[in-house]
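J.: One structure follows; several queries about it will come next.
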Amino acid sequence: MHSAEAGEWMDKILVVSSLSRGTEVLTSYLEGDAYSLQYAASGGEARRRLLEESFSLVIILAPLKDESGISLAEDAAGGTAGILLAVKAGEQEELAHRLTGHGIFVYSFSMGKRMFEYAAQLLLAVHRRLEASLPQKEKMERRVEDIRIVNRAKCLLIQYLHLSEEEAHRLIEKQAMDKRKTKREVAEEILRHYE
């Protein structure tokens with residue numbers, strides 16, 4: 001992969017892996033100063049980061065310590081980020097058939113570093129096209145609205161269930177994982193229940 005040239009933006013990449021060795025390998029594939037790498041060690045942490053920030057590319061090394069990583073990939077594919085799901089060689093073909101329609105590239109380490117680099121470049125290019133097609137104001141409004149709805153739901157959980165803010169956050173996150181929904185969808189269910 002090549003370095004950023006003057007005037008280019010830096011791609012923000014989220015690497016989601018519960019294994020330090022996997023994180024090291026994937027990070028070594030993304031050498032250069034063209035990327036701002038950030039990390040999450042679990043699906044829950046990654047979902048929180050995805051709600052709070054925008055990424056150009058999300059790389060998930062499955063399985064994660066709190067989930068398979070597949071539902072995280074499907075959830076993340078709802079945005080404009082490119083999604084690369086790294087799985088064991090024996091799982092790659094079956095998952096590729098299932099997830100390619102969602103815009104998710106399924107990769108296994110047996111495919112080699114070169115294929116990873118090609119896939120990452122392609123996903124970043126697709127992300128840039130998607131981003132260019134969405135007006136900035138619309139993206140910001142959507143993100144602000146998501147945060148506002150989740151925060152309203154947390155307030156209701158704090159009020160009615162006497163949870164701390166952190167407990168309310170974890171409850172929404174867990175329900176989102178269990179129900180395979182976004183945090184906003186879970187928050188909207190909470191609002192309908194308590195309001």
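Each chain in the structure tokens gets a letter, A, B and so on, in the order shown; residues start at 1 in every chain, and ligands are counted from 1 in the order they appear.
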Name the residues of segment 92-128 of chain A that come out as strand (DSSP E) in a backbone DSSP run; write them as a PyMOL selection string.

T.: chain A and resi 104-108

J.: For Tyr194 of chain A, work out the shell of residues within 10 Å, counting only C-alpha atoms and skipping chain neighbours fewer than 3 positions away, then give it as a ChimeraX atom specification.

T.: /A:153,156-157,159-160,189-191

J.: Show me, as a ChimeraX atom specification, the residues that have an atom within 12 Å of Gly69 of chain A when counting only C-alpha atoms, minus same-chain residues fewer than 5 positions from it.

T.: /A:15-18,40-47,58-64,74-76,83-87,95,104,106,177,180

J.: Just want the 7 Å neighbourhood of Asp11 of chain A, counted on only C-alpha atoms, with same-chain residues fewer than 6 positions away dropped. Output as an mmCIF file with N, CA and C atoms, in the first residue's frame.

T.:
```cif
data_model
loop_
_atom_site.group_PDB
_atom_site.id
_atom_site.type_symbol
_atom_site.label_atom_id
_atom_site.label_comp_id
_atom_site.auth_asym_id
_atom_site.auth_seq_id
_atom_site.Cartn_x
_atom_site.Cartn_y
_atom_site.Cartn_z
ATOM 1 N N ALA A 34 -0.357 6.617 5.026
ATOM 2 C CA ALA A 34 -1.616 7.006 4.384
ATOM 3 C C ALA A 34 -2.822 6.691 5.263
ATOM 4 N N TYR A 35 -2.593 6.017 6.370
ATOM 5 C CA TYR A 35 -3.704 5.529 7.174
ATOM 6 C C TYR A 35 -3.596 5.976 8.613
ATOM 7 N N SER A 36 -4.753 6.240 9.178
ATOM 8 C CA SER A 36 -4.862 6.464 10.612
ATOM 9 C C SER A 36 -5.529 5.201 11.160
ATOM 10 N N SER A 56 -13.090 4.887 6.962
ATOM 11 C CA SER A 56 -13.022 4.578 5.534
ATOM 12 C C SER A 56 -13.091 3.075 5.311
#
```

J.: Which residues are close to Lys154 of chain A, i.e. within 8 Å by only C-alpha atoms, leaving aside same-chain residues fewer than 2 positions away? Reply as a list of chain:residue names.

T.: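 Here the answer would be A:Val150, A:Asn151, A:Arg152, A:Leu156, A:Leu157, A:Ile158, A:Glu165, A:Ala168, A:His169, A:Ile172, A:Ala187.
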
J.: Taking only segment 80-170 of chain A into account, list the residues labelled helix (DSSP H, G or I) by DSSP (computed from the backbone), as a PDB file with C-alpha atoms, in the first residue's frame.

T.:
```pdb
ATOM      1  CA  ALA A  89      -9.513 -20.516   5.243  1.00  0.00           C
ATOM      2  CA  GLY A  90     -12.205 -23.199   5.519  1.00  0.00           C
ATOM      3  CA  GLU A  91     -14.921 -20.600   6.171  1.00  0.00           C
ATOM      4  CA  GLN A  92     -13.994 -18.122   3.448  1.00  0.00           C
ATOM      5  CA  GLU A  93     -15.884 -19.569   0.486  1.00  0.00           C
ATOM      6  CA  GLU A  94     -19.194 -20.184   2.279  1.00  0.00           C
ATOM      7  CA  LEU A  95     -19.171 -16.760   3.957  1.00  0.00           C
ATOM      8  CA  ALA A  96     -18.179 -15.024   0.726  1.00  0.00           C
ATOM      9  CA  HIS A  97     -21.324 -16.431  -0.958  1.00  0.00           C
ATOM     10  CA  ARG A  98     -23.427 -15.208   1.944  1.00  0.00           C
ATOM     11  CA  LEU A  99     -21.871 -11.765   2.525  1.00  0.00           C
ATOM     12  CA  THR A 100     -20.711 -10.475  -0.850  1.00  0.00           C
ATOM     13  CA  GLY A 101     -24.238  -9.244  -1.565  1.00  0.00           C
ATOM     14  CA  HIS A 102     -23.919  -7.002   1.491  1.00  0.00           C
ATOM     15  CA  PHE A 109      -4.887 -15.331   5.337  1.00  0.00           C
ATOM     16  CA  SER A 110      -4.338 -18.192   2.855  1.00  0.00           C
ATOM     17  CA  MET A 111      -5.133 -15.641   0.106  1.00  0.00           C
ATOM     18  CA  GLY A 112      -1.906 -13.797   0.945  1.00  0.00           C
ATOM     19  CA  LYS A 113      -0.801 -10.248   1.604  1.00  0.00           C
ATOM     20  CA  ARG A 114      -1.123  -9.156  -2.027  1.00  0.00           C
ATOM     21  CA  MET A 115      -4.829 -10.058  -2.172  1.00  0.00           C
ATOM     22  CA  PHE A 116      -5.377  -8.237   1.128  1.00  0.00           C
ATOM     23  CA  GLU A 117      -3.751  -5.112  -0.317  1.00  0.00           C
ATOM     24  CA  TYR A 118      -5.865  -5.290  -3.490  1.00  0.00           C
ATOM     25  CA  ALA A 119      -9.054  -5.810  -1.471  1.00  0.00           C
ATOM     26  CA  ALA A 120      -8.246  -2.926   0.884  1.00  0.00           C
ATOM     27  CA  GLN A 121      -7.507  -0.597  -2.047  1.00  0.00           C
ATOM     28  CA  LEU A 122     -10.745  -1.577  -3.768  1.00  0.00           C
ATOM     29  CA  LEU A 123     -12.808  -1.123  -0.595  1.00  0.00           C
ATOM     30  CA  LEU A 124     -11.240   2.288   0.043  1.00  0.00           C
ATOM     31  CA  ALA A 125     -12.053   3.338  -3.528  1.00  0.00           C
ATOM     32  CA  VAL A 126     -15.677   2.229  -3.111  1.00  0.00           C
ATOM     33  CA  HIS A 127     -15.862   4.090   0.211  1.00  0.00           C
ATOM     34  CA  ARG A 128     -14.665   7.304  -1.454  1.00  0.00           C
ATOM     35  CA  ARG A 129     -17.322   6.968  -4.151  1.00  0.00           C
ATOM     36  CA  LEU A 130     -20.047   6.387  -1.573  1.00  0.00           C
ATOM     37  CA  GLU A 131     -18.845   9.283   0.557  1.00  0.00           C
ATOM     38  CA  ALA A 132     -18.770  11.612  -2.435  1.00  0.00           C
ATOM     39  CA  SER A 133     -22.380  10.709  -3.227  1.00  0.00           C
ATOM     40  CA  GLN A 136     -21.723  16.113   4.188  1.00  0.00           C
ATOM     41  CA  LYS A 137     -24.627  17.761   5.954  1.00  0.00           C
ATOM     42  CA  GLU A 138     -26.786  14.659   5.534  1.00  0.00           C
ATOM     43  CA  LYS A 139     -24.092  12.394   6.984  1.00  0.00           C
ATOM     44  CA  MET A 140     -23.574  14.650  10.004  1.00  0.00           C
ATOM     45  CA  GLU A 141     -27.305  14.979  10.607  1.00  0.00           C
ATOM     46  CA  ARG A 142     -27.714  11.196  10.485  1.00  0.00           C
ATOM     47  CA  ARG A 143     -24.873  10.635  12.954  1.00  0.00           C
ATOM     48  CA  VAL A 144     -26.127  13.347  15.326  1.00  0.00           C
ATOM     49  CA  GLU A 145     -29.651  11.903  15.174  1.00  0.00           C
ATOM     50  CA  ASP A 146     -28.329   8.380  15.957  1.00  0.00           C
ATOM     51  CA  ILE A 147     -26.427   9.691  18.992  1.00  0.00           C
ATOM     52  CA  ARG A 148     -29.411  11.764  20.160  1.00  0.00           C
ATOM     53  CA  ILE A 149     -31.797   8.768  20.012  1.00  0.00           C
ATOM     54  CA  VAL A 150     -29.353   6.443  21.817  1.00  0.00           C
ATOM     55  CA  ASN A 151     -28.786   9.086  24.526  1.00  0.00           C
ATOM     56  CA  ARG A 152     -32.543   9.546  25.025  1.00  0.00           C
ATOM     57  CA  ALA A 153     -32.916   5.781  25.438  1.00  0.00           C
ATOM     58  CA  LYS A 154     -30.052   5.718  27.969  1.00  0.00           C
ATOM     59  CA  CYS A 155     -31.770   8.467  29.969  1.00  0.00           C
ATOM     60  CA  LEU A 156     -34.983   6.420  30.101  1.00  0.00           C
ATOM     61  CA  LEU A 157     -33.066   3.316  31.250  1.00  0.00           C
ATOM     62  CA  ILE A 158     -31.363   5.386  33.941  1.00  0.00           C
ATOM     63  CA  GLN A 159     -34.714   6.829  35.033  1.00  0.00           C
ATOM     64  CA  TYR A 160     -36.826   3.670  34.989  1.00  0.00           C
ATOM     65  CA  LEU A 161     -34.308   0.893  35.651  1.00  0.00           C
ATOM     66  CA  GLU A 165     -24.908   5.636  32.266  1.00  0.00           C
ATOM     67  CA  GLU A 166     -22.324   2.937  31.593  1.00  0.00           C
ATOM     68  CA  GLU A 167     -24.785   0.144  32.466  1.00  0.00           C
ATOM     69  CA  ALA A 168     -27.408   1.685  30.176  1.00  0.00           C
ATOM     70  CA  HIS A 169     -24.843   1.911  27.377  1.00  0.00           C
ATOM     71  CA  ARG A 170     -23.837  -1.735  27.852  1.00  0.00           C
TER      72      ARG A 170
END
```

J.: Which distance in Å separates atom CA of Phe55 of chain A and atom CA of Leu14 of chain A, to one decimal?

T.: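 Those two atoms sit 6.6 Å apart.
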
J.: Report, in Å to a single decimal, how far apart atom CA of Ala73 of chain A and atom CA of Phe105 of chain A are.

T.: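 Spanning atom CA of Phe105 of chain A to atom CA of Ala73 of chain A is a straight-line distance of 9.6 Å.
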
J.: Just to confirm, what's the straight-line distance from atom CA of Ile70 of chain A to atom CA of Arg192 of chain A in Å (one decimal)?

T.: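 Separation between atom CA of Ile70 of chain A and atom CA of Arg192 of chain A: 28.1 Å.
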
J.: Which is closer to Tyr39 of chain A than all the others in A:Leu163, A:Ala81, A:Ile13, A:Ala176, using only C-alpha atoms?

T.: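 Of A:Leu163, A:Ala81, A:Ile13, A:Ala176, the one nearest Tyr39 of chain A, counting only C-alpha atoms, is A:Ile13.
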
J.: Measuring atom to atom with only C-alpha atoms, identify which of A:Glu173, A:Ser68, A:Thr182, A:Leu57 is nearest to Gly82 of chain A.

T.: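 Once distances to Gly82 of chain A are computed over only C-alpha atoms, the minimum belongs to A:Leu57.
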